Amino acid sequence: MPELPEVETIARQLAPLLEGGRVVSVEVLDPRLALDAAGLSGILVKSVLRVGKRLAVELETGRCLRFDLRMTGRLTWSPAGADFSRERLRAVVTLENGRLLFHDLRRLGEVRLFESLDDARPAGFEPLDTSLTLEKLDELIAGCRQPLKVWLLRQDRLAGIGNIYASEIPFAAGLRPERPVSGLTPEERGKLLGAIRHVLAEAITHRGTTLSDYRDGRGQPGGHRRHLRVYGRENGACPRCGGRIERIVQRQRSTYFCPGCQV
């Protein structure tokens, strides 16, 4: 499932193509999508941005289309006049200069219309927001004794982090994923904050991680997989200390870490 870096990549690629454009039509091709697109024609696109793990297309009226890609959903751009595949195509947003295509092999994704961008936002804090300070991190951690990795996955705390980066962030911070998050020292919390920013920003630079289905807004796989330090590398050598990377299961999800240099 695409996480923050993957959806941020798509949003940055699509924004200059959609923003300022006028919606010609919105076609819903899959009856599973309970989307009432009536009244959207002729409206200008105000902004395209990521909200947590989802992509939002904000309209000049204030309403907002939110795309949730789930496991196999893809959002790509097709210039006006270009051919495109209709196989597994679930929705099309046509503008004067091209089409936004929503393909979805397993049909698990969603498209919803919200009355405002604020309504489309998740409850959790944005990890890349400049207002995520140590003080704010302390607030988000306060009273929580969940393991660090489990806490990172809580979308009501930090929105957008999924299983890949919830393994990479503790490694970058040098912290064990099983440790109770409320037990981290002030110094360790500082390392955690730095790791959150660094890991997510680095993955965005490489256009996200493709393990199987993810493609960016241009239909290309992300380039970050070869830069993963621990995720999916069980029994491999730790790039920091040379120790053996291990895998454990937390909340029915795989967690990867190095017992030699994560404390």
# chains A, B, ... in the order shown; residues from 1 in each chain; ligands from 1
>>> residues_around(residues="segment 166-178 of chain A", least_positions_apart="5", cutoff="7 Å", atoms="only C-alpha atoms", output="PyMOL selection string")
chain A and resi 147-149+152-153+161+191-192+195-196+199+229-231+255-257+261-263
>>> atom_distance(atom1="atom CA of Arg22 of chain A", atom2="atom CA of Glu60 of chain A")
9.7 Å
>>> residues_around(residues="segment 5-9 of chain A", least_positions_apart="3", cutoff="7 Å", atoms="only C-alpha atoms", output="ChimeraX atom specification")
/A:2,12-13,50,53-55,200,203-204,207-209,216
>>> write_last_selection(atoms="N, CA and C atoms", output="PDB file, in the first residue's frame")
ATOM      1  N   PRO A   2       0.643   2.191  -0.914  1.00  0.00           N
ATOM      2  CA  PRO A   2       1.462   3.406  -0.934  1.00  0.00           C
ATOM      3  C   PRO A   2       1.408   4.142   0.400  1.00  0.00           C
ATOM      4  N   ARG A  12       3.090  15.640  -6.185  1.00  0.00           N
ATOM      5  CA  ARG A  12       4.013  16.634  -6.747  1.00  0.00           C
ATOM      6  C   ARG A  12       4.090  16.537  -8.267  1.00  0.00           C
ATOM      7  N   GLN A  13       3.969  15.333  -8.799  1.00  0.00           N
ATOM      8  CA  GLN A  13       4.011  15.166 -10.249  1.00  0.00           C
ATOM      9  C   GLN A  13       2.724  15.648 -10.914  1.00  0.00           C
ATOM     10  N   ARG A  50      -1.149  15.853  -0.972  1.00  0.00           N
ATOM     11  CA  ARG A  50      -1.283  14.631  -0.191  1.00  0.00           C
ATOM     12  C   ARG A  50      -1.917  14.937   1.149  1.00  0.00           C
ATOM     13  N   LYS A  53      -2.019   9.240   3.717  1.00  0.00           N
ATOM     14  CA  LYS A  53      -1.661   8.285   2.662  1.00  0.00           C
ATOM     15  C   LYS A  53      -2.535   8.458   1.422  1.00  0.00           C
ATOM     16  N   ARG A  54      -3.311   9.517   1.370  1.00  0.00           N
ATOM     17  CA  ARG A  54      -4.264   9.702   0.284  1.00  0.00           C
ATOM     18  C   ARG A  54      -3.949  10.958  -0.512  1.00  0.00           C
ATOM     19  N   LEU A  55      -4.498  11.029  -1.725  1.00  0.00           N
ATOM     20  CA  LEU A  55      -4.282  12.189  -2.583  1.00  0.00           C
ATOM     21  C   LEU A  55      -5.577  12.968  -2.721  1.00  0.00           C
ATOM     22  N   LEU A 200      11.672   9.879   5.463  1.00  0.00           N
ATOM     23  CA  LEU A 200      10.582  10.210   4.545  1.00  0.00           C
ATOM     24  C   LEU A 200      11.064  11.109   3.409  1.00  0.00           C
ATOM     25  N   ALA A 203      13.092   9.083   0.867  1.00  0.00           N
ATOM     26  CA  ALA A 203      12.239   8.240   0.029  1.00  0.00           C
ATOM     27  C   ALA A 203      11.514   9.064  -1.028  1.00  0.00           C
ATOM     28  N   ILE A 204      11.100  10.274  -0.679  1.00  0.00           N
ATOM     29  CA  ILE A 204      10.459  11.153  -1.661  1.00  0.00           C
ATOM     30  C   ILE A 204      11.441  11.512  -2.766  1.00  0.00           C
ATOM     31  N   ARG A 207      11.371   9.001  -5.319  1.00  0.00           N
ATOM     32  CA  ARG A 207      10.030   8.763  -5.871  1.00  0.00           C
ATOM     33  C   ARG A 207       9.333   7.560  -5.248  1.00  0.00           C
ATOM     34  N   GLY A 208       9.662   7.264  -4.005  1.00  0.00           N
ATOM     35  CA  GLY A 208       8.970   6.209  -3.287  1.00  0.00           C
ATOM     36  C   GLY A 208       9.534   4.827  -3.531  1.00  0.00           C
ATOM     37  N   THR A 209       8.906   3.848  -2.879  1.00  0.00           N
ATOM     38  CA  THR A 209       9.367   2.457  -2.914  1.00  0.00           C
ATOM     39  C   THR A 209       8.368   1.586  -3.655  1.00  0.00           C
ATOM     40  N   ASP A 216       4.414   5.648  -9.915  1.00  0.00           N
ATOM     41  CA  ASP A 216       4.236   7.071  -9.657  1.00  0.00           C
ATOM     42  C   ASP A 216       3.247   7.669 -10.659  1.00  0.00           C
TER      43      ASP A 216
END
>>> residues_around(residues="Glu27 of chain A", least_positions_apart="5", cutoff="7 Å", atoms="only C-alpha atoms", output="ChimeraX atom specification")
/A:91-93
>>> atom_distance(atom1="atom CA of Ala80 of chain A", atom2="atom CA of Asn97 of chain A")
5.2 Å
>>> closest_residue(among="A:Gly62, A:Gly217, A:Pro180, A:Pro16", to="Arg74 of chain A", atoms="only C-alpha atoms")
A:Gly217
>>> atom_distance(atom1="atom CA of Met71 of chain A", atom2="atom CA of Asp104 of chain A")
8.5 Å
>>> select_by_dssp(residues="segment 41-238 of chain A", states="helix (DSSP H, G or I)", output="PyMOL selection string")
chain A and resi 117-120+134-141+148-152+163-173+181-183+186-205+225-227
>>> write_last_selection(atoms="N, CA and C atoms", output="short mmCIF file (atom, residue, chain, number, x, y, z; two decimals), in the first residue's frame")
data_model
loop_
_atom_site.label_atom_id
_atom_site.label_comp_id
_atom_site.auth_asym_id
_atom_site.auth_seq_id
_atom_site.Cartn_x
_atom_site.Cartn_y
_atom_site.Cartn_z
N LEU A 117 -11.53 20.54 2.11
CA LEU A 117 -10.24 19.87 2.27
C LEU A 117 -10.03 19.43 3.71
N ASP A 118 -10.46 20.24 4.65
CA ASP A 118 -10.30 19.87 6.06
C ASP A 118 -11.04 18.58 6.38
N ASP A 119 -12.20 18.39 5.76
CA ASP A 119 -12.96 17.15 5.99
C ASP A 119 -12.22 15.93 5.46
N ALA A 120 -11.39 16.13 4.44
CA ALA A 120 -10.66 15.03 3.81
C ALA A 120 -9.37 14.68 4.53
N LEU A 134 9.92 18.97 18.78
CA LEU A 134 10.08 18.01 19.87
C LEU A 134 8.94 18.13 20.88
N GLU A 135 8.50 19.36 21.11
CA GLU A 135 7.39 19.56 22.05
C GLU A 135 6.12 18.90 21.53
N LYS A 136 5.87 19.04 20.22
CA LYS A 136 4.69 18.41 19.63
C LYS A 136 4.82 16.89 19.65
N LEU A 137 6.02 16.40 19.38
CA LEU A 137 6.25 14.96 19.43
C LEU A 137 5.99 14.42 20.83
N ASP A 138 6.41 15.18 21.84
CA ASP A 138 6.14 14.78 23.23
C ASP A 138 4.64 14.65 23.48
N GLU A 139 3.86 15.60 22.93
CA GLU A 139 2.41 15.56 23.08
C GLU A 139 1.82 14.30 22.43
N LEU A 140 2.32 13.96 21.26
CA LEU A 140 1.80 12.81 20.53
C LEU A 140 2.16 11.48 21.19
N ILE A 141 3.28 11.50 21.93
CA ILE A 141 3.75 10.29 22.60
C ILE A 141 3.14 10.14 24.00
N LEU A 148 7.42 1.26 19.81
CA LEU A 148 7.73 2.34 18.88
C LEU A 148 7.18 2.09 17.49
N LYS A 149 7.44 0.90 16.95
CA LYS A 149 6.98 0.59 15.59
C LYS A 149 5.46 0.65 15.49
N VAL A 150 4.77 0.10 16.48
CA VAL A 150 3.30 0.12 16.49
C VAL A 150 2.79 1.56 16.56
N TRP A 151 3.43 2.37 17.39
CA TRP A 151 3.04 3.77 17.51
C TRP A 151 3.22 4.52 16.20
N LEU A 152 4.29 4.26 15.49
CA LEU A 152 4.53 4.93 14.21
C LEU A 152 3.43 4.64 13.19
N ASN A 163 4.06 0.36 6.91
CA ASN A 163 4.93 -0.68 7.44
C ASN A 163 6.38 -0.57 6.97
N ILE A 164 6.60 -0.11 5.75
CA ILE A 164 7.98 0.01 5.25
C ILE A 164 8.76 1.01 6.10
N TYR A 165 8.24 2.22 6.18
CA TYR A 165 8.99 3.29 6.85
C TYR A 165 8.92 3.18 8.37
N ALA A 166 7.95 2.42 8.89
CA ALA A 166 7.91 2.17 10.33
C ALA A 166 9.00 1.21 10.77
N SER A 167 9.64 0.52 9.83
CA SER A 167 10.86 -0.25 10.13
C SER A 167 12.10 0.59 9.88
N GLU A 168 12.07 1.39 8.81
CA GLU A 168 13.24 2.19 8.46
C GLU A 168 13.52 3.31 9.45
N ILE A 169 12.47 3.92 9.99
CA ILE A 169 12.65 5.05 10.91
C ILE A 169 13.34 4.62 12.21
N PRO A 170 12.90 3.57 12.90
CA PRO A 170 13.64 3.15 14.10
C PRO A 170 15.09 2.80 13.81
N PHE A 171 15.36 2.18 12.65
CA PHE A 171 16.75 1.88 12.32
C PHE A 171 17.56 3.16 12.19
N ALA A 172 17.02 4.14 11.47
CA ALA A 172 17.74 5.40 11.29
C ALA A 172 17.98 6.10 12.63
N ALA A 173 17.06 5.92 13.58
CA ALA A 173 17.20 6.54 14.90
C ALA A 173 18.05 5.71 15.84
N VAL A 181 7.20 3.50 23.48
CA VAL A 181 7.56 4.82 22.95
C VAL A 181 7.62 5.87 24.06
N SER A 182 6.79 5.72 25.09
CA SER A 182 6.80 6.71 26.17
C SER A 182 8.06 6.63 27.01
N GLY A 183 8.82 5.53 26.88
CA GLY A 183 10.05 5.37 27.65
C GLY A 183 11.28 5.95 26.98
N PRO A 186 14.69 12.10 26.27
CA PRO A 186 14.65 13.29 25.42
C PRO A 186 15.64 13.21 24.25
N GLU A 187 16.84 12.68 24.52
CA GLU A 187 17.82 12.55 23.44
C GLU A 187 17.33 11.58 22.37
N GLU A 188 16.74 10.48 22.80
CA GLU A 188 16.23 9.49 21.84
C GLU A 188 15.05 10.04 21.05
N ARG A 189 14.24 10.85 21.68
CA ARG A 189 13.12 11.47 20.96
C ARG A 189 13.62 12.44 19.90
N GLY A 190 14.71 13.12 20.21
CA GLY A 190 15.32 13.99 19.21
C GLY A 190 15.82 13.20 18.02
N LYS A 191 16.43 12.04 18.29
CA LYS A 191 16.88 11.17 17.20
C LYS A 191 15.70 10.64 16.39
N LEU A 192 14.62 10.32 17.08
CA LEU A 192 13.43 9.83 16.39
C LEU A 192 12.86 10.89 15.46
N LEU A 193 12.76 12.12 15.94
CA LEU A 193 12.24 13.20 15.10
C LEU A 193 13.11 13.41 13.87
N GLY A 194 14.42 13.41 14.06
CA GLY A 194 15.33 13.56 12.93
C GLY A 194 15.20 12.42 11.94
N ALA A 195 15.01 11.19 12.46
CA ALA A 195 14.87 10.02 11.59
C ALA A 195 13.58 10.08 10.79
N ILE A 196 12.50 10.51 11.41
CA ILE A 196 11.23 10.65 10.69
C ILE A 196 11.40 11.57 9.49
N ARG A 197 11.99 12.72 9.73
CA ARG A 197 12.18 13.70 8.65
C ARG A 197 13.11 13.17 7.57
N HIS A 198 14.22 12.59 7.99
CA HIS A 198 15.23 12.14 7.02
C HIS A 198 14.73 10.98 6.17
N VAL A 199 14.17 9.96 6.81
CA VAL A 199 13.74 8.76 6.08
C VAL A 199 12.66 9.09 5.06
N LEU A 200 11.67 9.88 5.46
CA LEU A 200 10.58 10.21 4.54
C LEU A 200 11.06 11.11 3.41
N ALA A 201 11.90 12.10 3.74
CA ALA A 201 12.41 13.00 2.70
C ALA A 201 13.29 12.25 1.69
N GLU A 202 14.11 11.34 2.18
CA GLU A 202 14.98 10.57 1.28
C GLU A 202 14.14 9.70 0.34
N ALA A 203 13.09 9.08 0.87
CA ALA A 203 12.24 8.24 0.03
C ALA A 203 11.51 9.06 -1.03
N ILE A 204 11.10 10.27 -0.68
CA ILE A 204 10.46 11.15 -1.66
C ILE A 204 11.44 11.51 -2.77
N THR A 205 12.69 11.76 -2.40
CA THR A 205 13.72 12.07 -3.40
C THR A 205 13.84 10.97 -4.44
N ARG A 225 13.64 1.38 -3.38
CA ARG A 225 13.79 0.03 -2.82
C ARG A 225 15.25 -0.32 -2.56
N ARG A 226 16.13 0.03 -3.47
CA ARG A 226 17.55 -0.32 -3.30
C ARG A 226 18.21 0.49 -2.19
N HIS A 227 17.51 1.50 -1.68
CA HIS A 227 18.07 2.31 -0.60
C HIS A 227 17.52 1.91 0.77
#
>>> closest_residue(among="A:Arg99, A:Arg157, A:Arg145, A:Arg63", to="Leu113 of chain A", atoms="only C-alpha atoms")
A:Arg63
>>> select_by_dssp(residues="segment 83-155 of chain A", states="strand (DSSP E)", output="list in words")
Leu89, Arg90, Ala91, Val92, Val93, Thr94, Leu95, Gly98, Arg99, Leu100, Leu101, Phe102, His103, Asp104, Glu110, Val111, Arg112, Leu113 and Phe114 of chain A
>>> write_last_selection(atoms="C-alpha atoms", output="short mmCIF file (atom, residue, chain, number, x, y, z; two decimals), in the first residue's frame")
data_model
loop_
_atom_site.label_atom_id
_atom_site.label_comp_id
_atom_site.auth_asym_id
_atom_site.auth_seq_id
_atom_site.Cartn_x
_atom_site.Cartn_y
_atom_site.Cartn_z
CA LEU A 89 -9.94 1.66 -15.22
CA ARG A 90 -12.31 2.74 -12.44
CA ALA A 91 -12.59 6.51 -12.85
CA VAL A 92 -11.48 9.29 -15.19
CA VAL A 93 -11.22 13.00 -14.43
CA THR A 94 -11.01 14.80 -17.77
CA LEU A 95 -9.54 18.29 -17.98
CA GLY A 98 -5.60 15.68 -20.42
CA ARG A 99 -7.03 13.01 -18.14
CA LEU A 100 -6.38 11.82 -14.61
CA LEU A 101 -6.76 8.02 -14.71
CA PHE A 102 -7.55 5.83 -11.73
CA HIS A 103 -6.70 2.17 -12.45
CA ASP A 104 -7.10 -0.47 -9.76
CA GLU A 110 -11.78 4.49 -3.10
CA VAL A 111 -12.69 7.90 -4.49
CA ARG A 112 -14.75 10.15 -2.23
CA LEU A 113 -16.09 13.66 -2.54
CA PHE A 114 -15.76 15.87 0.54
#
>>> decode(residues="segment 74-201 of chain A", atoms="C-alpha atoms", output="mmCIF file, in the first residue's frame")
data_model
loop_
_atom_site.group_PDB
_atom_site.id
_atom_site.type_symbol
_atom_site.label_atom_id
_atom_site.label_comp_id
_atom_site.auth_asym_id
_atom_site.auth_seq_id
_atom_site.Cartn_x
_atom_site.Cartn_y
_atom_site.Cartn_z
ATOM 1 C CA ARG A 74 -2.693 3.840 -9.571
ATOM 2 C CA LEU A 75 -3.165 7.487 -10.479
ATOM 3 C CA THR A 76 -1.540 8.542 -13.727
ATOM 4 C CA TRP A 77 -1.810 11.401 -16.195
ATOM 5 C CA SER A 78 -2.654 10.997 -19.871
ATOM 6 C CA PRO A 79 -2.164 14.105 -22.071
ATOM 7 C CA ALA A 80 -5.037 15.190 -24.304
ATOM 8 C CA GLY A 81 -5.172 13.075 -27.448
ATOM 9 C CA ALA A 82 -2.961 10.291 -26.064
ATOM 10 C CA ASP A 83 -4.082 6.670 -25.979
ATOM 11 C CA PHE A 84 -4.612 5.026 -22.593
ATOM 12 C CA SER A 85 -5.596 1.612 -21.303
ATOM 13 C CA ARG A 86 -9.182 1.104 -20.154
ATOM 14 C CA GLU A 87 -8.370 -2.224 -18.508
ATOM 15 C CA ARG A 88 -9.074 -2.033 -14.767
ATOM 16 C CA LEU A 89 -9.936 1.657 -15.215
ATOM 17 C CA ARG A 90 -12.311 2.737 -12.441
ATOM 18 C CA ALA A 91 -12.589 6.512 -12.847
ATOM 19 C CA VAL A 92 -11.475 9.289 -15.193
ATOM 20 C CA VAL A 93 -11.222 13.002 -14.434
ATOM 21 C CA THR A 94 -11.015 14.803 -17.772
ATOM 22 C CA LEU A 95 -9.541 18.292 -17.982
ATOM 23 C CA GLU A 96 -8.967 20.445 -21.036
ATOM 24 C CA ASN A 97 -5.313 19.384 -21.255
ATOM 25 C CA GLY A 98 -5.602 15.676 -20.421
ATOM 26 C CA ARG A 99 -7.027 13.009 -18.138
ATOM 27 C CA LEU A 100 -6.376 11.818 -14.609
ATOM 28 C CA LEU A 101 -6.757 8.023 -14.714
ATOM 29 C CA PHE A 102 -7.545 5.826 -11.726
ATOM 30 C CA HIS A 103 -6.697 2.174 -12.449
ATOM 31 C CA ASP A 104 -7.103 -0.467 -9.759
ATOM 32 C CA LEU A 105 -6.436 -4.161 -10.365
ATOM 33 C CA ARG A 106 -8.081 -5.488 -7.197
ATOM 34 C CA ARG A 107 -10.711 -2.732 -6.955
ATOM 35 C CA LEU A 108 -9.937 -2.019 -3.303
ATOM 36 C CA GLY A 109 -9.289 1.705 -3.668
ATOM 37 C CA GLU A 110 -11.779 4.493 -3.098
ATOM 38 C CA VAL A 111 -12.692 7.900 -4.488
ATOM 39 C CA ARG A 112 -14.747 10.146 -2.229
ATOM 40 C CA LEU A 113 -16.086 13.659 -2.541
ATOM 41 C CA PHE A 114 -15.763 15.875 0.544
ATOM 42 C CA GLU A 115 -17.295 19.270 1.164
ATOM 43 C CA SER A 116 -13.931 20.711 2.194
ATOM 44 C CA LEU A 117 -10.242 19.867 2.267
ATOM 45 C CA ASP A 118 -10.302 19.871 6.060
ATOM 46 C CA ASP A 119 -12.960 17.154 5.988
ATOM 47 C CA ALA A 120 -10.661 15.026 3.806
ATOM 48 C CA ARG A 121 -7.663 15.305 6.117
ATOM 49 C CA PRO A 122 -6.768 12.466 8.519
ATOM 50 C CA ALA A 123 -6.844 12.955 12.267
ATOM 51 C CA GLY A 124 -3.093 12.490 12.696
ATOM 52 C CA PHE A 125 -0.340 15.097 12.480
ATOM 53 C CA GLU A 126 1.580 15.532 9.228
ATOM 54 C CA PRO A 127 5.120 14.144 9.781
ATOM 55 C CA LEU A 128 6.739 16.621 7.380
ATOM 56 C CA ASP A 129 4.976 19.677 8.792
ATOM 57 C CA THR A 130 7.503 22.186 10.112
ATOM 58 C CA SER A 131 5.408 22.537 13.252
ATOM 59 C CA LEU A 132 6.289 18.961 14.244
ATOM 60 C CA THR A 133 8.710 20.007 16.962
ATOM 61 C CA LEU A 134 10.082 18.007 19.870
ATOM 62 C CA GLU A 135 7.393 19.563 22.047
ATOM 63 C CA LYS A 136 4.691 18.410 19.634
ATOM 64 C CA LEU A 137 6.251 14.956 19.430
ATOM 65 C CA ASP A 138 6.142 14.776 23.230
ATOM 66 C CA GLU A 139 2.407 15.556 23.082
ATOM 67 C CA LEU A 140 1.796 12.812 20.528
ATOM 68 C CA ILE A 141 3.749 10.287 22.604
ATOM 69 C CA ALA A 142 2.395 11.275 26.029
ATOM 70 C CA GLY A 143 0.898 8.392 27.982
ATOM 71 C CA CYS A 144 1.412 5.830 25.224
ATOM 72 C CA ARG A 145 3.256 2.636 26.127
ATOM 73 C CA GLN A 146 2.866 0.993 22.739
ATOM 74 C CA PRO A 147 6.011 -0.286 21.015
ATOM 75 C CA LEU A 148 7.731 2.345 18.884
ATOM 76 C CA LYS A 149 6.985 0.595 15.592
ATOM 77 C CA VAL A 150 3.304 0.123 16.486
ATOM 78 C CA TRP A 151 3.036 3.774 17.515
ATOM 79 C CA LEU A 152 4.526 4.934 14.213
ATOM 80 C CA LEU A 153 1.713 3.126 12.395
ATOM 81 C CA ARG A 154 -1.013 4.956 14.316
ATOM 82 C CA GLN A 155 -2.664 7.265 11.823
ATOM 83 C CA ASP A 156 -4.264 9.259 14.641
ATOM 84 C CA ARG A 157 -0.765 10.254 15.777
ATOM 85 C CA LEU A 158 1.347 10.681 12.628
ATOM 86 C CA ALA A 159 -0.548 10.394 9.355
ATOM 87 C CA GLY A 160 1.038 8.638 6.399
ATOM 88 C CA ILE A 161 3.623 6.230 7.821
ATOM 89 C CA GLY A 162 3.103 2.571 6.870
ATOM 90 C CA ASN A 163 4.930 -0.680 7.438
ATOM 91 C CA ILE A 164 7.980 0.010 5.251
ATOM 92 C CA TYR A 165 8.990 3.287 6.851
ATOM 93 C CA ALA A 166 7.910 2.173 10.334
ATOM 94 C CA SER A 167 10.859 -0.253 10.126
ATOM 95 C CA GLU A 168 13.245 2.189 8.455
ATOM 96 C CA ILE A 169 12.654 5.049 10.908
ATOM 97 C CA PRO A 170 13.638 3.154 14.098
ATOM 98 C CA PHE A 171 16.747 1.878 12.317
ATOM 99 C CA ALA A 172 17.740 5.405 11.293
ATOM 100 C CA ALA A 173 17.205 6.538 14.895
ATOM 101 C CA GLY A 174 19.146 3.573 16.324
ATOM 102 C CA LEU A 175 16.150 2.497 18.418
ATOM 103 C CA ARG A 176 14.620 -0.951 18.920
ATOM 104 C CA PRO A 177 11.124 -1.170 17.399
ATOM 105 C CA GLU A 178 9.767 -3.055 20.450
ATOM 106 C CA ARG A 179 10.606 -0.333 22.968
ATOM 107 C CA PRO A 180 7.679 1.454 24.655
ATOM 108 C CA VAL A 181 7.558 4.818 22.953
ATOM 109 C CA SER A 182 6.799 6.712 26.166
ATOM 110 C CA GLY A 183 10.049 5.370 27.651
ATOM 111 C CA LEU A 184 12.283 7.116 25.122
ATOM 112 C CA THR A 185 14.645 9.670 26.631
ATOM 113 C CA PRO A 186 14.652 13.292 25.417
ATOM 114 C CA GLU A 187 17.825 12.551 23.444
ATOM 115 C CA GLU A 188 16.233 9.493 21.842
ATOM 116 C CA ARG A 189 13.119 11.471 20.963
ATOM 117 C CA GLY A 190 15.320 13.988 19.205
ATOM 118 C CA LYS A 191 16.885 11.174 17.199
ATOM 119 C CA LEU A 192 13.425 9.829 16.389
ATOM 120 C CA LEU A 193 12.237 13.202 15.102
ATOM 121 C CA GLY A 194 15.328 13.555 12.927
ATOM 122 C CA ALA A 195 14.872 10.023 11.591
ATOM 123 C CA ILE A 196 11.228 10.645 10.687
ATOM 124 C CA ARG A 197 12.177 13.700 8.651
ATOM 125 C CA HIS A 198 15.232 12.143 7.023
ATOM 126 C CA VAL A 199 13.743 8.761 6.083
ATOM 127 C CA LEU A 200 10.582 10.210 4.545
ATOM 128 C CA ALA A 201 12.411 12.996 2.697
#
